[in-house]
$ cat model_7.cif   # mmCIF, C-alpha atoms
data_query
#
loop_
_atom_site.label_atom_id
_atom_site.label_comp_id
_atom_site.auth_asym_id
_atom_site.auth_seq_id
_atom_site.Cartn_x
_atom_site.Cartn_y
_atom_site.Cartn_z
CA MET A 1356 13.92 7.14 16.55
CA ALA A 1357 14.82 3.47 16.22
CA GLU A 1358 14.49 2.81 19.95
CA ASP A 1359 11.18 4.69 20.13
CA LEU A 1360 9.93 2.71 17.15
CA LYS A 1361 10.86 -0.58 18.79
CA SER A 1362 8.89 0.39 21.88
CA LEU A 1363 5.86 1.45 19.86
CA GLU A 1364 5.97 -1.76 17.85
CA GLU A 1365 6.11 -3.85 21.01
CA THR A 1366 3.08 -2.05 22.41
CA PHE A 1367 1.22 -2.41 19.11
CA ARG A 1368 2.11 -6.09 18.90
CA HIS A 1369 0.39 -6.80 22.22
CA GLN A 1370 -2.89 -5.24 21.06
CA ASN A 1371 -3.72 -8.37 19.06
CA LYS A 1372 -4.78 -6.49 15.93
CA SER A 1373 -5.63 -7.86 12.49
CA CYS A 1374 -5.10 -6.40 9.04
CA PHE A 1375 -5.82 -7.01 5.37
CA VAL A 1376 -3.67 -6.35 2.31
CA LEU A 1377 -4.99 -5.50 -1.14
CA GLY A 1378 -2.58 -5.93 -4.03
CA ALA A 1379 -0.22 -8.40 -2.34
CA SER A 1380 0.86 -9.80 -5.72
CA GLY A 1381 2.12 -6.43 -6.94
CA GLU A 1382 5.51 -4.77 -6.57
CA THR A 1383 4.86 -2.87 -3.34
CA GLY A 1384 2.27 -5.26 -1.94
CA ARG A 1385 4.59 -8.24 -2.16
CA VAL A 1386 7.38 -6.48 -0.28
CA LEU A 1387 4.92 -4.97 2.20
CA LEU A 1388 3.62 -8.43 3.04
CA GLN A 1389 7.16 -9.68 3.69
CA GLU A 1390 7.80 -6.69 5.94
CA LEU A 1391 4.58 -7.29 7.90
CA LEU A 1392 5.47 -10.93 8.46
CA GLU A 1393 9.04 -10.13 9.46
CA ARG A 1394 8.02 -7.52 12.01
CA ASN A 1395 5.12 -9.60 13.32
CA LEU A 1396 2.85 -6.70 14.29
CA PHE A 1397 -0.46 -8.45 13.65
CA SER A 1398 -2.06 -11.57 15.07
CA LYS A 1399 -3.86 -12.13 11.76
CA ILE A 1400 -3.06 -11.05 8.20
CA THR A 1401 -5.62 -11.50 5.42
CA LEU A 1402 -4.87 -11.15 1.72
CA ILE A 1403 -7.78 -10.02 -0.41
CA GLY A 1404 -7.36 -10.57 -4.13
CA ARG A 1405 -8.75 -12.02 -7.32
CA ARG A 1406 -6.79 -15.25 -7.04
CA GLN A 1407 -5.12 -17.49 -4.49
CA LEU A 1408 -1.41 -16.80 -4.13
CA SER A 1409 1.14 -19.56 -3.68
CA PHE A 1410 4.08 -19.23 -1.30
CA GLU A 1411 6.96 -21.60 -0.72
CA ASP A 1412 8.26 -20.06 2.51
CA LYS A 1413 6.67 -21.48 5.66
CA ALA A 1414 6.43 -17.95 7.07
CA PHE A 1415 3.45 -17.42 4.75
CA GLY A 1416 1.66 -20.50 6.04
CA ASN A 1417 -0.61 -18.73 8.54
CA LEU A 1418 -1.95 -16.16 6.11
CA VAL A 1419 -5.68 -16.06 5.43
CA GLN A 1420 -6.61 -15.60 1.78
CA GLU A 1421 -9.95 -14.28 0.55
CA VAL A 1422 -10.57 -14.61 -3.19
CA VAL A 1423 -13.02 -12.01 -4.49
CA ASP A 1424 -14.53 -10.81 -7.76
CA PHE A 1425 -13.73 -7.11 -7.85
CA GLU A 1426 -16.59 -6.58 -10.30
CA LYS A 1427 -19.02 -7.80 -7.62
CA LEU A 1428 -17.34 -6.65 -4.42
CA GLU A 1429 -20.68 -6.12 -2.64
CA ASP A 1430 -21.06 -9.90 -2.65
CA TYR A 1431 -17.80 -10.24 -0.71
CA ALA A 1432 -18.42 -7.73 2.07
CA ALA A 1433 -17.65 -10.43 4.65
CA ALA A 1434 -14.03 -10.52 3.48
CA PHE A 1435 -13.60 -6.93 4.67
CA LYS A 1436 -15.13 -7.40 8.12
CA GLY A 1437 -13.24 -7.62 11.40
CA HIS A 1438 -9.97 -5.93 10.39
CA ASP A 1439 -8.37 -3.15 12.40
CA VAL A 1440 -5.99 -1.95 9.67
CA GLY A 1441 -6.20 -1.99 5.89
CA TYR A 1442 -3.35 -1.67 3.39
CA CYS A 1443 -4.08 -0.92 -0.25
CA CYS A 1444 -1.39 -1.33 -2.92
CA LEU A 1445 -3.88 -2.22 -5.62
CA GLY A 1446 -3.32 -0.74 -9.05
CA THR A 1447 -2.54 -1.21 -12.72
CA THR A 1448 -1.35 0.99 -15.57
CA ARG A 1449 -3.06 2.58 -18.54
CA ALA A 1450 -0.59 0.79 -20.81
CA LYS A 1451 -1.57 -2.58 -19.38
CA ALA A 1452 -5.33 -2.15 -18.92
CA GLY A 1453 -6.31 0.77 -21.15
CA ALA A 1454 -7.85 4.02 -19.86
CA ASP A 1455 -11.15 2.45 -18.81
CA GLY A 1456 -9.45 -0.54 -17.20
CA PHE A 1457 -7.08 1.71 -15.30
CA VAL A 1458 -9.94 3.78 -13.87
CA ARG A 1459 -11.87 0.64 -12.96
CA VAL A 1460 -8.96 -0.84 -11.00
CA ASP A 1461 -7.27 2.21 -9.51
CA HIS A 1462 -10.48 4.07 -8.71
CA ASP A 1463 -13.53 1.82 -8.61
CA TYR A 1464 -11.96 -1.24 -6.99
CA VAL A 1465 -9.93 0.79 -4.51
CA VAL A 1466 -12.73 3.11 -3.38
CA LYS A 1467 -15.27 0.28 -3.10
CA SER A 1468 -12.80 -1.78 -1.06
CA ALA A 1469 -12.29 1.17 1.27
CA GLU A 1470 -16.05 1.60 1.66
CA LEU A 1471 -16.50 -2.06 2.57
CA ALA A 1472 -13.55 -1.92 4.96
CA LYS A 1473 -15.00 1.11 6.73
CA ALA A 1474 -18.41 -0.56 6.98
CA GLY A 1475 -16.70 -3.69 8.27
CA GLY A 1476 -15.11 -1.90 11.22
CA CYS A 1477 -11.66 -1.01 9.89
CA SER A 1478 -10.35 2.10 11.65
CA GLN A 1479 -6.97 2.64 9.97
CA PHE A 1480 -6.46 2.70 6.19
CA HIS A 1481 -3.11 3.02 4.40
CA LEU A 1482 -3.15 3.88 0.69
CA GLU A 1483 -0.27 3.73 -1.77
CA SER A 1484 -0.95 6.65 -4.11
CA SER A 1485 1.54 8.51 -6.31
CA ARG A 1486 3.79 11.53 -6.33
CA GLY A 1487 1.87 14.40 -7.91
CA ALA A 1488 -1.60 13.01 -7.19
CA ASP A 1489 -4.14 15.78 -7.78
CA LYS A 1490 -7.88 15.42 -8.40
CA ASN A 1491 -7.74 18.56 -10.57
CA SER A 1492 -4.85 17.37 -12.74
CA ASN A 1493 -5.18 17.26 -16.52
CA PHE A 1494 -3.32 13.93 -16.53
CA LEU A 1495 -5.59 10.92 -16.09
CA TYR A 1496 -3.21 8.97 -13.85
CA LEU A 1497 -2.62 11.80 -11.38
CA LYS A 1498 -6.26 12.90 -11.50
CA VAL A 1499 -7.56 9.43 -10.64
CA LYS A 1500 -5.04 9.06 -7.81
CA GLY A 1501 -6.13 12.42 -6.40
CA GLN A 1502 -9.82 11.57 -6.70
CA VAL A 1503 -9.29 8.31 -4.84
CA GLU A 1504 -7.46 10.09 -2.02
CA ALA A 1505 -10.32 12.60 -1.63
CA GLU A 1506 -13.09 10.01 -1.78
CA ILE A 1507 -11.48 7.74 0.79
CA GLU A 1508 -10.79 10.68 3.09
CA ALA A 1509 -14.51 11.49 2.94
CA LEU A 1510 -15.31 8.03 4.34
CA GLY A 1511 -14.05 9.19 7.72
CA PHE A 1512 -11.58 6.54 8.84
CA ASP A 1513 -10.15 7.20 12.30
CA ARG A 1514 -6.82 7.35 10.52
CA PHE A 1515 -6.09 7.64 6.81
CA SER A 1516 -2.47 7.59 5.64
CA ILE A 1517 -1.59 8.44 2.05
CA TYR A 1518 1.81 7.54 0.60
CA ARG A 1519 2.99 9.35 -2.54
CA PRO A 1520 6.19 7.65 -3.70
CA GLY A 1521 8.06 8.68 -6.81
CA VAL A 1522 9.37 6.18 -9.37
CA LEU A 1523 9.50 2.81 -7.63
CA LEU A 1524 12.91 1.17 -7.93
CA VAL A 1525 12.39 -2.56 -8.29
CA ASP A 1526 13.95 -5.54 -10.04
CA ARG A 1527 11.09 -6.54 -12.28
CA GLN A 1528 11.70 -9.12 -14.99
CA GLU A 1529 8.68 -8.12 -17.05
CA SER A 1530 9.68 -4.44 -17.18
CA ARG A 1531 9.54 -2.96 -20.65
CA PRO A 1532 12.88 -1.67 -22.05
CA GLY A 1533 11.92 1.98 -21.48
CA GLU A 1534 10.91 1.30 -17.89
CA TRP A 1535 14.13 -0.60 -17.27
CA VAL A 1536 16.25 2.35 -18.46
CA ILE A 1537 14.28 4.81 -16.30
CA ARG A 1538 14.55 2.62 -13.21
CA LYS A 1539 18.30 2.10 -13.73
CA PHE A 1540 18.84 5.83 -14.15
CA PHE A 1541 16.99 6.77 -10.97
CA GLY A 1542 18.62 3.87 -9.15
CA ALA A 1543 22.06 5.23 -10.01
CA VAL A 1544 21.06 8.75 -8.96
CA SER A 1545 19.52 7.66 -5.66
CA ALA A 1546 22.66 5.68 -4.84
CA VAL A 1547 24.66 8.92 -4.96
CA CYS A 1548 22.21 11.41 -3.49
CA SER A 1549 18.66 11.67 -2.23
CA THR A 1550 16.00 12.38 -4.84
CA SER A 1551 12.37 13.43 -4.73
CA MET A 1552 11.76 11.49 -7.93
CA ALA A 1553 12.51 7.87 -7.01
CA ILE A 1554 12.58 5.43 -4.12
CA PRO A 1555 13.31 1.70 -3.61
CA VAL A 1556 10.13 -0.30 -3.08
CA GLN A 1557 11.66 -1.87 0.04
CA VAL A 1558 11.94 1.59 1.62
CA VAL A 1559 8.27 2.28 0.84
CA ALA A 1560 7.20 -0.97 2.51
CA LYS A 1561 9.33 -0.29 5.60
CA ALA A 1562 7.90 3.22 5.89
CA ILE A 1563 4.30 2.03 5.65
CA VAL A 1564 4.78 -0.59 8.37
CA SER A 1565 6.72 1.80 10.62
CA ASN A 1566 4.11 4.51 10.19
CA THR A 1567 1.36 2.11 11.25
CA VAL A 1568 2.47 2.24 14.88
CA LEU A 1569 3.06 6.00 15.00
CA GLN A 1570 0.47 8.47 16.26
CA PRO A 1571 -0.20 11.20 13.68
CA GLU A 1572 -1.46 14.65 14.67
CA LEU A 1573 -4.23 14.61 12.07
CA LYS A 1574 -6.74 11.96 10.99
CA THR A 1575 -5.52 12.27 7.39
CA GLU A 1576 -1.80 12.48 6.64
CA ILE A 1577 0.10 12.65 3.38
CA LEU A 1578 3.65 11.34 3.16
CA GLU A 1579 5.50 12.61 0.12
CA ASN A 1580 8.49 10.78 -1.37
CA LYS A 1581 11.08 12.39 0.93
CA ASP A 1582 8.93 11.70 4.01
CA ILE A 1583 8.66 8.05 2.99
CA ALA A 1584 12.41 7.83 2.42
CA SER A 1585 13.15 9.30 5.85
CA LEU A 1586 10.74 7.02 7.70
CA GLY A 1587 11.81 4.00 5.69
CA LYS A 1588 15.35 4.32 7.02
CA SER A 1589 14.15 3.74 10.59
CA LYS A 1590 13.21 0.22 11.52
CA GLY A 1591 12.06 -1.26 14.76
CA LYS A 1592 11.33 -4.87 15.58
#
$ encode --input "model_7.cif" --output "structure tokens"
Amino acid sequence: MAEDLKSLEETFRHQNKSCFVLGASGETGRVLLQELLERNLFSKITLIGRRQLSFEDKAFGNLVQEVVDFEKLEDYAAAFKGHDVGYCCLGTTRAKAGADGFVRVDHDYVVKSAELAKAGGCSQFHLESSRGADKNSNFLYLKVKGQVEAEIEALGFDRFSIYRPGVLLVDRQESRPGEWVIRKFFGAVSAVCSTSMAIPVQVVAKAIVSNTVLQPELKTEILENKDIASLGKSKGK
């Protein structure tokens, strides 16, 4: 698998493709960006976000940054033009933004960004969703995630990859005490045995980048937590 992945990456690398990343300041987006830079698959990487990000490492020096107002995304359609691949790790929580704010970010911003990307010529879209996503769920979080998956699928990208990780294991300083305990518990469990409930954010990022160069059988694919974990263990370059 590793050797095949290296070959696929080399072929992909010579296709001179460009990509954009939404949510590069978040937990997964930040690690995903590092993985993209390390594996050097794209000739151009554009970050689309609400503010300019600062980086100390010189490896980030060639990034293009597009600052947009997510409340007026139509006015920033140009930022979504000319990309071959799109990565979306954009999201917030109900606790942080309230129910309405959560829906606005995780649904409205994400779906509108996907629409603009499709109109701008993007053929491949990768979405970080959530384990248990279901548009018919009684739980707001899972229902919204499921609705977003369905609405983006309806846009008709040449390829649409959905990632449904479990609890993301990260070292986050601003974690609330309850979150910290949950993350530590799943971290200890995953260190002993595989689990369908949790996954290190680094593994998610590796899986997303690796999957980019693979050829799926269907236009829309869903990678559950165990699928992500398996793919995240293989790394090319």
$ residues_near_point --input "model_7.cif" --point "(-14.9, -7.4, 10.4)" --cutoff "6 Å" --atoms "all atoms listed in the file" --output "list in words"
Phe1435, Lys1436, Gly1437, His1438, Gly1475 and Gly1476 of chain A
$ resolve_selection --input "model_7.cif" --expression "the PyMOL selection byres ((chain A and resi 1581) around 10)" --output "list in words"
Arg1519, Pro1520, Gly1521, Ser1549, Thr1550, Ser1551, Met1552, Ala1553, Ile1554, Leu1578, Glu1579, Asn1580, Asp1582, Ile1583, Ala1584, Ser1585, Leu1586 and Gly1587 of chain A
$ closest_residue --input "model_7.cif" --among "A:Val1376, A:Val1559, A:Val1522, A:Leu1497" --to "Cys1444 of chain A" --atoms "only C-alpha atoms"
A:Val1376
$ resolve_selection --input "model_7.cif" --expression "the PyMOL selection byres ((chain A and resi 1402) around 6)" --output "NGL selection string"
:A and (1375-1376 or 1401 or 1403 or 1420)
$ atom_distance --input "model_7.cif" --atom1 "atom CA of Leu1377 of chain A" --atom2 "atom CA of Ala1560 of chain A"
13.5 Å
$ resolve_selection --input "model_7.cif" --expression "the PyMOL selection byres ((chain A and resi 1556) around 7)" --output "list in words"
Thr1383, Leu1523, Leu1524, Val1525, Ile1554, Pro1555, Gln1557, Val1558, Val1559 and Ala1560 of chain A
$ axis_aligned_box --input "model_7.cif" --around "segment 1360-1375 of chain A" --padding-each-side "6 Å" --output "JSON"
{"center_x": 2.5, "center_y": -2.8, "center_z": 13.9, "size_x": 28.7, "size_y": 23.1, "size_z": 29.0}
$ residues_around --input "model_7.cif" --residues "Glu1576 of chain A" --least-positions-apart "5" --cutoff "8 Å" --atoms "all atoms listed in the file" --output "MDAnalysis selection string"
chainID A and resid 1515:1517 1571
$ atom_distance --input "model_7.cif" --atom1 "atom CA of Cys1374 of chain A" --atom2 "atom CA of His1462 of chain A"
21.3 Å
$ residues_around --input "model_7.cif" --residues "Arg1394 of chain A" --least-positions-apart "5" --cutoff "12 Å" --atoms "only C-alpha atoms" --output "number ranges by chain"
A: 1360-1361, 1364-1365, 1367-1368, 1387-1389, 1414, 1560-1561, 1564-1565, 1567-1568, 1590-1592
$ residues_around --input "model_7.cif" --residues "Ser1468 of chain A" --least-positions-apart "5" --cutoff "12 Å" --atoms "only C-alpha atoms" --output "MDAnalysis selection string"
chainID A and resid 1375:1378 1403:1404 1423:1436 1441:1445 1460:1463 1473:1475 1477 1480 1482 1503 1506:1507 1510
$ closest_residue --input "model_7.cif" --among "A:Thr1448, A:Ser1362, A:Ser1398, A:Ser1478" --to "Lys1500 of chain A" --atoms "only C-alpha atoms"
A:Thr1448
$ atom_distance --input "model_7.cif" --atom1 "atom CA of Asp1439 of chain A" --atom2 "atom CA of Lys1372 of chain A"
6.0 Å
$ closest_residue --input "model_7.cif" --among "A:Ile1577, A:Ile1400, A:Leu1392, A:Leu1471" --to "Lys1413 of chain A" --atoms "all atoms listed in the file"
A:Leu1392
$ residues_near_point --input "model_7.cif" --point "(-5.3, 11.6, -6.9)" --cutoff "8 Å" --atoms "all atoms listed in the file" --output "count of residues only"
16
$ closest_residue --input "model_7.cif" --among "A:Ala1379, A:Ala1472, A:Ala1562, A:Leu1573" --to "Leu1418 of chain A" --atoms "all atoms listed in the file"
A:Ala1379
$ residues_around --input "model_7.cif" --residues "segment 1407-1411 of chain A" --least-positions-apart "3" --cutoff "8 Å" --atoms "all atoms listed in the file" --output "PyMOL selection string"
chain A and resi 1380+1404+1415-1416+1420-1422
$ write_last_selection --input "model_7.cif" --atoms "C-alpha atoms" --output "PDB file, in the coordinates of the input"
ATOM      1  CA  SER A1380       0.860  -9.800  -5.720  1.00  0.00           C
ATOM      2  CA  GLY A1404      -7.360 -10.570  -4.130  1.00  0.00           C
ATOM      3  CA  PHE A1415       3.450 -17.420   4.750  1.00  0.00           C
ATOM      4  CA  GLY A1416       1.660 -20.500   6.040  1.00  0.00           C
ATOM      5  CA  GLN A1420      -6.610 -15.600   1.780  1.00  0.00           C
ATOM      6  CA  GLU A1421      -9.950 -14.280   0.550  1.00  0.00           C
ATOM      7  CA  VAL A1422     -10.570 -14.610  -3.190  1.00  0.00           C
TER       8      VAL A1422
END
